[in-house]
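start-v9.cif (mmCIF, C-alpha atoms and all ligand atoms)
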data_structure
loop_
_atom_site.label_atom_id
_atom_site.label_comp_id
_atom_site.auth_asym_id
_atom_site.auth_seq_id
_atom_site.Cartn_x
_atom_site.Cartn_y
_atom_site.Cartn_z
CA MET A 15 1.56 123.22 -33.40
CA LYS A 16 1.13 123.10 -37.18
CA ILE A 17 3.43 125.46 -39.12
CA ALA A 18 3.54 126.52 -42.79
CA PHE A 19 7.12 127.20 -43.94
CA ILE A 20 7.75 128.93 -47.29
CA GLY A 21 11.25 129.53 -48.72
CA LEU A 22 13.62 126.60 -48.24
CA GLY A 23 16.89 128.02 -49.56
CA ILE A 24 20.34 128.18 -47.93
CA MET A 25 18.77 129.38 -44.65
CA GLY A 26 15.15 128.22 -44.76
CA LYS A 27 15.86 124.53 -45.33
CA PRO A 28 18.02 123.97 -42.23
CA MET A 29 15.71 126.19 -40.15
CA ALA A 30 12.70 124.11 -41.21
CA LYS A 31 14.60 120.91 -40.44
CA ASN A 32 15.28 122.16 -36.90
CA LEU A 33 11.55 122.79 -36.42
CA LEU A 34 10.84 119.21 -37.49
CA LYS A 35 13.51 117.96 -35.04
CA ALA A 36 11.81 119.97 -32.27
CA GLY A 37 8.55 118.09 -33.00
CA TYR A 38 6.57 120.73 -34.92
CA GLU A 39 4.30 119.57 -37.76
CA LEU A 40 5.38 121.30 -41.00
CA ARG A 41 3.65 122.08 -44.31
CA VAL A 42 6.30 123.42 -46.71
CA TYR A 43 6.66 125.00 -50.14
CA ASP A 44 9.49 126.36 -52.29
CA ARG A 45 9.70 126.97 -56.04
CA ASN A 46 12.65 124.59 -56.11
CA ALA A 47 11.34 121.00 -56.43
CA ALA A 48 14.65 119.35 -55.40
CA THR A 49 14.48 121.06 -51.99
CA LEU A 50 10.92 119.85 -51.52
CA GLU A 51 11.96 116.22 -52.02
CA GLU A 52 14.63 116.64 -49.34
CA MET A 53 12.09 118.13 -46.93
CA LYS A 54 9.67 115.27 -47.62
CA ALA A 55 12.40 112.81 -46.62
CA ALA A 56 12.93 114.83 -43.42
CA GLY A 57 9.24 114.42 -42.49
CA ALA A 58 7.50 117.59 -43.76
CA THR A 59 4.23 117.66 -45.70
CA ILE A 60 4.99 118.93 -49.20
CA CYS A 61 2.54 121.39 -50.79
CA SER A 62 2.10 122.26 -54.46
CA CYS A 63 1.94 126.04 -53.88
CA SER A 64 2.34 128.59 -51.08
CA ALA A 65 -1.42 128.95 -50.63
CA GLU A 66 -1.79 125.22 -49.94
CA THR A 67 0.63 125.40 -46.98
CA ALA A 68 -1.79 127.63 -45.06
CA GLU A 69 -4.46 124.94 -44.60
CA GLY A 70 -5.26 124.53 -40.87
CA VAL A 71 -1.97 126.00 -39.60
CA ASP A 72 -1.33 127.97 -36.39
CA LEU A 73 1.66 129.82 -37.80
CA VAL A 74 3.05 130.83 -41.23
CA ILE A 75 6.82 131.38 -41.51
CA THR A 76 8.58 132.80 -44.58
CA MET A 77 12.32 132.83 -45.34
CA LEU A 78 12.42 134.55 -48.74
CA PRO A 79 14.99 136.80 -50.46
CA ASN A 80 13.47 140.29 -50.18
CA SER A 81 10.40 142.51 -49.69
CA PRO A 82 8.78 141.87 -53.13
CA HIS A 83 8.92 138.08 -52.56
CA VAL A 84 7.25 138.36 -49.14
CA LYS A 85 4.60 140.75 -50.49
CA SER A 86 3.98 138.43 -53.44
CA VAL A 87 3.44 135.40 -51.19
CA MET A 88 1.42 137.13 -48.45
CA LEU A 89 -0.58 139.78 -50.31
CA GLU A 90 -0.29 139.82 -54.08
CA HIS A 91 0.23 136.54 -55.96
CA ASP A 92 -0.43 133.74 -53.44
CA LYS A 93 -2.55 135.92 -51.11
CA LEU A 94 -1.82 133.92 -47.96
CA ALA A 95 -3.26 136.76 -45.89
CA GLU A 96 -6.68 135.83 -47.29
CA LYS A 97 -6.14 132.07 -47.18
CA MET A 98 -4.50 131.42 -43.80
CA PRO A 99 -6.72 130.83 -40.74
CA LYS A 100 -7.57 134.16 -39.10
CA THR A 101 -6.42 132.67 -35.77
CA ALA A 102 -2.93 132.01 -37.18
CA THR A 103 0.12 134.30 -36.86
CA PHE A 104 2.69 135.31 -39.47
CA ILE A 105 6.44 135.40 -38.78
CA ASP A 106 8.70 136.71 -41.56
CA CYS A 107 12.31 135.65 -41.02
CA SER A 108 13.51 137.18 -44.32
CA SER A 109 15.76 140.26 -44.24
CA ILE A 110 13.56 142.89 -45.87
CA ASN A 111 12.92 146.63 -45.80
CA PRO A 112 11.32 147.53 -42.43
CA VAL A 113 8.93 149.85 -44.27
CA ALA A 114 7.64 146.79 -46.17
CA SER A 115 7.36 144.82 -42.89
CA ARG A 116 5.12 147.54 -41.47
CA GLU A 117 3.02 147.65 -44.67
CA ILE A 118 2.51 143.87 -44.62
CA ALA A 119 1.66 143.93 -40.89
CA ALA A 120 -0.93 146.67 -41.49
CA LYS A 121 -2.59 144.63 -44.26
CA LEU A 122 -2.62 141.49 -42.09
CA ALA A 123 -4.16 143.46 -39.22
CA GLU A 124 -7.16 144.11 -41.50
CA TYR A 125 -7.75 140.32 -41.38
CA GLY A 126 -7.10 140.22 -37.60
CA ILE A 127 -3.75 138.44 -38.12
CA ASP A 128 -0.69 139.30 -35.98
CA MET A 129 2.81 139.52 -37.44
CA LEU A 130 6.37 139.42 -36.15
CA ASP A 131 9.33 140.39 -38.31
CA ALA A 132 12.17 138.15 -37.17
CA PRO A 133 15.26 138.32 -39.40
CA VAL A 134 18.35 136.40 -38.39
CA SER A 135 22.10 136.70 -38.19
CA GLY A 136 24.57 133.84 -38.27
CA GLY A 137 24.52 132.42 -41.78
CA GLN A 138 24.13 128.85 -42.94
CA PRO A 139 26.35 127.15 -40.29
CA LYS A 140 24.28 128.62 -37.46
CA ALA A 141 21.04 127.85 -39.31
CA VAL A 142 22.17 124.20 -39.44
CA ASP A 143 23.25 124.16 -35.77
CA GLY A 144 20.07 125.91 -34.61
CA THR A 145 22.13 128.74 -33.09
CA LEU A 146 20.91 131.73 -35.13
CA ALA A 147 20.44 135.17 -33.54
CA PHE A 148 16.87 136.42 -34.05
CA MET A 149 16.07 140.16 -33.91
CA VAL A 150 12.33 140.51 -33.57
CA GLY A 151 9.69 143.21 -34.01
CA GLY A 152 6.06 142.92 -32.90
CA LYS A 153 3.71 142.85 -29.93
CA GLU A 154 5.19 141.47 -26.71
CA GLU A 155 2.39 138.94 -26.15
CA VAL A 156 2.79 137.56 -29.69
CA PHE A 157 6.57 137.42 -29.21
CA ASN A 158 6.20 135.53 -25.90
CA LYS A 159 3.78 133.03 -27.47
CA PHE A 160 6.07 132.14 -30.38
CA LYS A 161 9.49 132.57 -28.73
CA PRO A 162 9.83 128.78 -28.22
CA VAL A 163 9.40 128.27 -31.99
CA LEU A 164 12.24 130.71 -32.70
CA GLU A 165 14.35 129.10 -29.95
CA ALA A 166 14.09 125.81 -31.84
CA MET A 167 16.10 127.56 -34.61
CA GLY A 168 18.26 129.98 -32.66
CA SER A 169 20.21 130.51 -29.45
CA SER A 170 19.48 134.24 -29.13
CA VAL A 171 15.96 135.65 -29.55
CA VAL A 172 15.58 139.37 -28.74
CA LEU A 173 12.46 141.56 -29.02
CA CYS A 174 13.68 144.91 -30.38
CA GLY A 175 10.38 146.85 -30.54
CA ASP A 176 7.20 147.00 -32.62
CA VAL A 177 6.82 145.44 -36.07
CA GLY A 178 9.68 146.59 -38.31
CA ALA A 179 12.14 146.84 -35.40
CA GLY A 180 13.55 143.41 -36.24
CA ASN A 181 14.45 144.50 -39.76
CA VAL A 182 15.76 147.91 -38.61
CA THR A 183 18.11 146.00 -36.28
CA LYS A 184 19.09 143.64 -39.11
CA LEU A 185 19.95 146.63 -41.34
CA CYS A 186 22.19 147.97 -38.54
CA ASN A 187 23.84 144.53 -38.42
CA GLN A 188 24.38 144.54 -42.18
CA THR A 189 25.92 148.03 -42.21
CA ILE A 190 28.32 147.10 -39.40
CA VAL A 191 29.34 143.85 -41.12
CA ALA A 192 29.81 145.47 -44.57
CA VAL A 193 31.90 148.39 -43.32
CA ASN A 194 33.96 146.01 -41.13
CA ILE A 195 34.76 143.72 -44.06
CA ALA A 196 35.71 146.68 -46.26
CA ALA A 197 37.99 148.09 -43.53
CA LEU A 198 39.61 144.68 -43.08
CA ALA A 199 40.25 144.27 -46.83
CA GLU A 200 41.60 147.81 -47.14
CA ALA A 201 43.94 147.42 -44.16
CA LEU A 202 45.33 143.98 -45.09
CA GLN A 203 45.98 145.10 -48.68
CA MET A 204 47.66 148.33 -47.55
CA GLY A 205 49.72 146.43 -44.94
CA GLN A 206 50.98 143.93 -47.49
CA MET A 207 51.85 146.73 -49.93
CA CYS A 208 53.83 148.39 -47.13
CA GLY A 209 55.83 145.18 -46.74
CA VAL A 210 54.23 143.29 -43.81
CA GLU A 211 52.75 139.79 -44.26
CA PRO A 212 48.93 139.83 -43.87
CA GLU A 213 49.16 136.69 -41.68
CA LYS A 214 51.38 138.59 -39.22
CA ILE A 215 49.05 141.61 -39.22
CA PHE A 216 46.09 139.32 -38.46
CA GLU A 217 47.97 137.40 -35.75
CA ALA A 218 49.24 140.57 -34.08
CA ILE A 219 45.97 142.54 -33.96
CA LYS A 220 43.17 139.99 -33.69
CA GLY A 221 43.31 139.99 -29.86
CA GLY A 222 43.27 143.79 -29.58
CA LEU A 223 40.62 146.47 -30.10
CA ALA A 224 40.52 145.92 -33.88
CA GLY A 225 39.80 142.22 -33.46
CA SER A 226 36.28 141.06 -34.30
CA THR A 227 34.11 138.13 -35.31
CA VAL A 228 34.25 139.56 -38.84
CA MET A 229 38.06 139.60 -38.75
CA ASN A 230 38.29 136.01 -37.47
CA ALA A 231 35.87 134.73 -40.11
CA LYS A 232 36.93 136.79 -43.12
CA ALA A 233 40.71 137.41 -42.83
CA PRO A 234 41.55 133.69 -43.41
CA MET A 235 39.16 133.62 -46.39
CA MET A 236 40.83 136.71 -47.87
CA MET A 237 44.34 135.30 -47.42
CA ASP A 238 43.20 131.99 -49.01
CA GLN A 239 41.44 133.84 -51.86
CA ASN A 240 38.45 131.69 -50.88
CA PHE A 241 35.30 133.58 -51.84
CA GLN A 242 32.83 130.68 -51.66
CA PRO A 243 29.57 131.98 -50.09
CA GLY A 244 28.68 132.23 -47.16
CA PHE A 245 26.79 135.40 -47.72
CA ARG A 246 26.73 136.59 -51.31
CA ILE A 247 27.70 140.12 -52.40
CA ASP A 248 24.35 140.34 -54.25
CA LEU A 249 22.37 139.66 -51.06
CA HIS A 250 24.44 142.27 -49.22
CA ILE A 251 23.70 144.78 -52.02
CA LYS A 252 20.02 144.03 -51.38
CA ASP A 253 20.44 144.74 -47.65
CA LEU A 254 22.48 147.94 -48.11
CA THR A 255 19.94 149.19 -50.65
CA ASN A 256 17.29 148.61 -47.96
CA VAL A 257 19.52 150.58 -45.53
CA GLN A 258 19.60 153.41 -48.10
CA ASP A 259 15.79 153.40 -48.41
CA ALA A 260 15.22 153.23 -44.65
CA ALA A 261 17.80 155.99 -43.98
CA LYS A 262 16.34 158.23 -46.68
CA ALA A 263 12.89 158.00 -45.08
CA VAL A 264 14.23 159.52 -41.83
CA ASP A 265 17.10 161.61 -43.30
CA ALA A 266 19.80 159.57 -41.49
CA PRO A 267 23.39 160.12 -42.75
CA ILE A 268 25.02 156.89 -44.04
CA PRO A 269 28.23 157.89 -45.89
CA LEU A 270 30.11 154.68 -44.99
CA THR A 271 27.25 152.43 -46.12
CA GLN A 272 26.97 154.37 -49.41
CA MET A 273 30.67 153.90 -50.12
CA VAL A 274 30.72 150.15 -49.44
CA LEU A 275 27.49 149.72 -51.46
CA GLU A 276 29.21 151.37 -54.46
CA MET A 277 32.19 149.01 -54.06
CA MET A 278 29.85 146.01 -53.96
CA LYS A 279 27.97 147.23 -57.06
CA ILE A 280 31.26 147.53 -58.97
CA LEU A 281 32.07 143.93 -58.00
CA HIS A 282 28.58 142.83 -59.07
CA HIS A 283 29.07 144.42 -62.51
CA ASP A 284 32.45 142.71 -62.72
CA GLY A 285 30.76 139.30 -62.30
CA ASP A 286 31.53 138.80 -58.60
CA GLY A 287 27.97 139.12 -57.25
CA ALA A 288 27.73 135.43 -56.35
CA CYS A 289 31.00 135.56 -54.33
CA ASP A 290 31.06 135.77 -50.53
CA HIS A 291 31.08 139.36 -49.21
CA SER A 292 34.73 138.81 -48.19
CA ALA A 293 35.34 139.36 -51.94
CA LEU A 294 35.26 143.09 -51.15
CA LEU A 295 39.01 142.41 -51.11
CA LYS A 296 38.81 141.99 -54.90
CA TYR A 297 37.90 145.67 -55.20
CA TYR A 298 41.35 146.54 -53.78
CA GLN A 299 43.14 143.76 -55.65
CA LYS A 300 41.72 144.96 -58.97
CA LEU A 301 42.76 148.56 -58.25
CA THR A 302 46.30 147.65 -57.19
CA GLY A 303 46.95 144.60 -59.39
CA GLU A 304 48.33 142.92 -56.27
CA VAL A 305 46.86 139.74 -54.78
CA LEU A 306 46.74 139.24 -51.01
CA HIS A 307 48.66 136.18 -49.90
CA HIS A 308 49.48 134.22 -46.77
P1 LIG B 401 18.08 131.66 -50.94
O1 LIG B 401 18.04 132.38 -52.23
O2 LIG B 401 19.03 130.51 -50.76
O3 LIG B 401 16.62 131.11 -50.57
C1 LIG B 401 15.43 131.74 -50.89
C2 LIG B 401 14.42 130.67 -51.28
O4 LIG B 401 13.16 131.28 -51.54
C3 LIG B 401 14.81 129.90 -52.57
O5 LIG B 401 14.84 128.52 -52.29
C4 LIG B 401 13.70 130.27 -53.56
O6 LIG B 401 13.37 129.21 -54.44
C5 LIG B 401 12.56 130.60 -52.63
N1 LIG B 401 11.55 131.47 -53.21
C6 LIG B 401 11.74 132.70 -53.77
N2 LIG B 401 10.55 133.22 -54.14
C7 LIG B 401 9.60 132.32 -53.79
C8 LIG B 401 8.19 132.29 -53.91
N3 LIG B 401 7.51 133.31 -54.45
N4 LIG B 401 7.54 131.20 -53.46
C9 LIG B 401 8.21 130.16 -52.91
N5 LIG B 401 9.56 130.13 -52.76
C10 LIG B 401 10.24 131.21 -53.20
O7 LIG B 401 18.33 132.77 -49.82
P2 LIG B 401 18.85 132.55 -48.32
O8 LIG B 401 20.32 132.69 -48.30
O9 LIG B 401 18.18 131.38 -47.71
O10 LIG B 401 18.28 133.91 -47.66
C11 LIG B 401 16.92 134.08 -47.28
C12 LIG B 401 16.82 135.38 -46.49
O11 LIG B 401 17.66 135.27 -45.32
C13 LIG B 401 17.31 136.61 -47.26
O12 LIG B 401 16.50 137.69 -46.93
C14 LIG B 401 18.74 136.79 -46.74
O13 LIG B 401 19.16 138.13 -46.86
C15 LIG B 401 18.59 136.34 -45.30
N6 LIG B 401 19.82 135.86 -44.67
C16 LIG B 401 20.70 135.07 -45.34
C17 LIG B 401 21.87 134.63 -44.70
C18 LIG B 401 22.88 133.79 -45.42
O14 LIG B 401 24.01 133.65 -44.91
N7 LIG B 401 22.56 133.20 -46.56
C19 LIG B 401 22.13 135.01 -43.37
C20 LIG B 401 21.19 135.78 -42.71
C21 LIG B 401 20.03 136.20 -43.36
#
In structure tokens, what does this structure look like?
Ligand code: NAD
Amino acid sequence: MKIAFIGLGIMGKPMAKNLLKAGYELRVYDRNAATLEEMKAAGATICSCSAETAEGVDLVITMLPNSPHVKSVMLEHDKLAEKMPKTATFIDCSSINPVASREIAAKLAEYGIDMLDAPVSGGQPKAVDGTLAFMVGGKEEVFNKFKPVLEAMGSSVVLCGDVGAGNVTKLCNQTIVAVNIAALAEALQMGQMCGVEPEKIFEAIKGGLAGSTVMNAKAPMMMDQNFQPGFRIDLHIKDLTNVQDAAKAVDAPIPLTQMVLEMMKILHHDGDGACDHSALLKYYQKLTGEVLHH
């Protein structure tokens, strides 16, 4: 199977490498020339623009930052929808607004092209290991046909519903993660201010009901003041803004998401947008003037 892969950043590059390892033929493009050189060394065919990747492929995959980037590549600037073979399928792995996913799918349907939206969870380490969790939207027969491709990049691949359902599920994931991190930061800071070592709080509660994957990953980072991304605050602002848009369209109440989004925006304006989302702790540290320690 010949695959076009566009967007070779933190996530896209290791995902594309896993497709090469699984034996798929890859035509790739990214605006960043250094990444392209690395992909050439890994065995991919390098293209000079997005449109060129589409030549003779069975599948186009994108892993781009947000809705406008995917629309630009597929419909507006590069117009892959016009240029890709009409027998090919489109899978968007980017985390974008589900409303945009449905708009893109509707446009592609005019050309007879099927689409799956297939955002991921797991971050860079799981992208490298090929153990991402895919949440997918689209027709069941299209999902079944391309499931093995996604399984070359992930260990969990779940069909959540029609097109857009993948990104709705991803938005749920992003709300749960954001609110969890904020609760963790708030609790550790409050606990320390009340005189208990954060390390002891973590040790004592991580095996109970409050324990979580978020706690295990982010509490040590907070105590080390290590805010290397990981997942950047700015990307999480993008996701929570998409939650806001999606919720507004159906009048869903999202008070917790709104609050954490405001905290993240304050951090962004303070110059912390490129930090890992565990830097939500900084919001509390700046308010209290007290730094969390081990
Ligand atoms: P990134 O910024 O590292 O990569 C995006 C890539 O797209 C860049 O290399 C950029 O040069 C390229 N690009 C942008 N516009 C382009 C265009 N028009 N044509 C060609 N290339 C273009 O971002 P990332 O961290 O890889 O994230 C990609 C998506 O995956 C985002 O939607 C993000 O929210 C999601 N995601 C990220 C993580 C994570 O931990 N980083 C985890 C899960 C999901």
I'd like the interatomic distance between atom N7 of ligand LIG 401 (chain B) and atom CA of A:Leu122, to a tenth of an Å. 26.9 Å
Looking at A:Asp284, A:Glu276, A:Glu96, A:Asp72, which one is nearest to A:Ala196, with distances taken over all atoms listed in the file?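 Between A:Asp284, A:Glu276, A:Glu96, A:Asp72, the residue approaching A:Ala196 most closely is A:Glu276.
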For a test of reading the model, state the distance in Å between atom CA of A:Gly144 and atom C12 of ligand LIG 401 (chain B), rounded to one decimal. 15.5 Å
Find, counting all atoms listed in the file, the residue in A:His307, A:Ala18, A:Lys296, A:Phe104 that gets nearest to A:Gly209. A:His307
Considering all atoms listed in the file, return as a list in words whatever protein or nucleic-acid residues lie within 9 Å of A:Pro79, sequence-local ones (same chain, fewer than 4 positions apart) excluded. Gly21, His83, Val84, Ser108, Ser109, Ile110, Leu249 and Lys252 of chain A
Using only C-alpha atoms and all ligand atoms, find each residue with an atom at most 7 Å away from ligand LIG 401 (chain B) and format the answer as a short mmCIF file (atom, residue, chain, number, x, y, z; two decimals) with C-alpha atoms, in the frame of the given file.
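Here's the written file pocket-v8.cif:
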data_model
loop_
_atom_site.label_atom_id
_atom_site.label_comp_id
_atom_site.auth_asym_id
_atom_site.auth_seq_id
_atom_site.Cartn_x
_atom_site.Cartn_y
_atom_site.Cartn_z
CA ILE A 20 7.75 128.93 -47.29
CA GLY A 21 11.25 129.53 -48.72
CA LEU A 22 13.62 126.60 -48.24
CA GLY A 23 16.89 128.02 -49.56
CA ILE A 24 20.34 128.18 -47.93
CA MET A 25 18.77 129.38 -44.65
CA GLY A 26 15.15 128.22 -44.76
CA TYR A 43 6.66 125.00 -50.14
CA ASP A 44 9.49 126.36 -52.29
CA ARG A 45 9.70 126.97 -56.04
CA ASN A 46 12.65 124.59 -56.11
CA SER A 64 2.34 128.59 -51.08
CA MET A 77 12.32 132.83 -45.34
CA LEU A 78 12.42 134.55 -48.74
CA PRO A 79 14.99 136.80 -50.46
CA ASN A 80 13.47 140.29 -50.18
CA HIS A 83 8.92 138.08 -52.56
CA SER A 86 3.98 138.43 -53.44
CA VAL A 87 3.44 135.40 -51.19
CA CYS A 107 12.31 135.65 -41.02
CA SER A 108 13.51 137.18 -44.32
CA SER A 109 15.76 140.26 -44.24
CA ILE A 110 13.56 142.89 -45.87
CA PRO A 133 15.26 138.32 -39.40
CA VAL A 134 18.35 136.40 -38.39
CA SER A 135 22.10 136.70 -38.19
CA GLY A 136 24.57 133.84 -38.27
CA GLY A 137 24.52 132.42 -41.78
CA GLN A 138 24.13 128.85 -42.94
CA GLY A 244 28.68 132.23 -47.16
CA PHE A 245 26.79 135.40 -47.72
CA LEU A 249 22.37 139.66 -51.06
CA ASP A 253 20.44 144.74 -47.65
#
What is the atom CA of A:Asp265-atom CA of A:Tyr297 distance in Å, reported with one decimal?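 Here the two named atoms are 28.8 Å from each other.
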Contacts of A:Pro243 at 8 Å (only C-alpha atoms; same-chain gap of 6+ positions) as a ChimeraX atom specification: /A:288-291
I need the residue nearest A:His282 from this list: A:Val182, A:Ile247, A:Leu301, A:Gly221. Use all atoms listed in the file for the distance.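 Closest candidate: A:Ile247.
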Rank A:Asp286, A:Val177, A:Ala132, A:Lys153 by their smallest atom-to-atom distance to A:Glu165, using all atoms listed in the file, and report the top residue only.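 Under the stated criterion, the closest residue is A:Ala132.
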From the set A:Ile190, A:Thr59, A:Ile17, A:Phe148, which residue has the shortest atom-to-atom contact distance to A:Ile75, counting all atoms listed in the file?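 Of A:Ile190, A:Thr59, A:Ile17, A:Phe148, the one nearest A:Ile75 is A:Ile17, counting all atoms listed in the file.
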Give, as AutoDock Vina command-line options, the centre coordinates and the x, y and z edge lengths in Å to one decimal for an axis-aligned box around all listed atoms of stretch 255-268 of chain A, padded by 4 Å on each side.
--center_x 19.0 --center_y 155.1 --center_z -46.1 --size_x 20.1 --size_y 21.0 --size_z 17.2
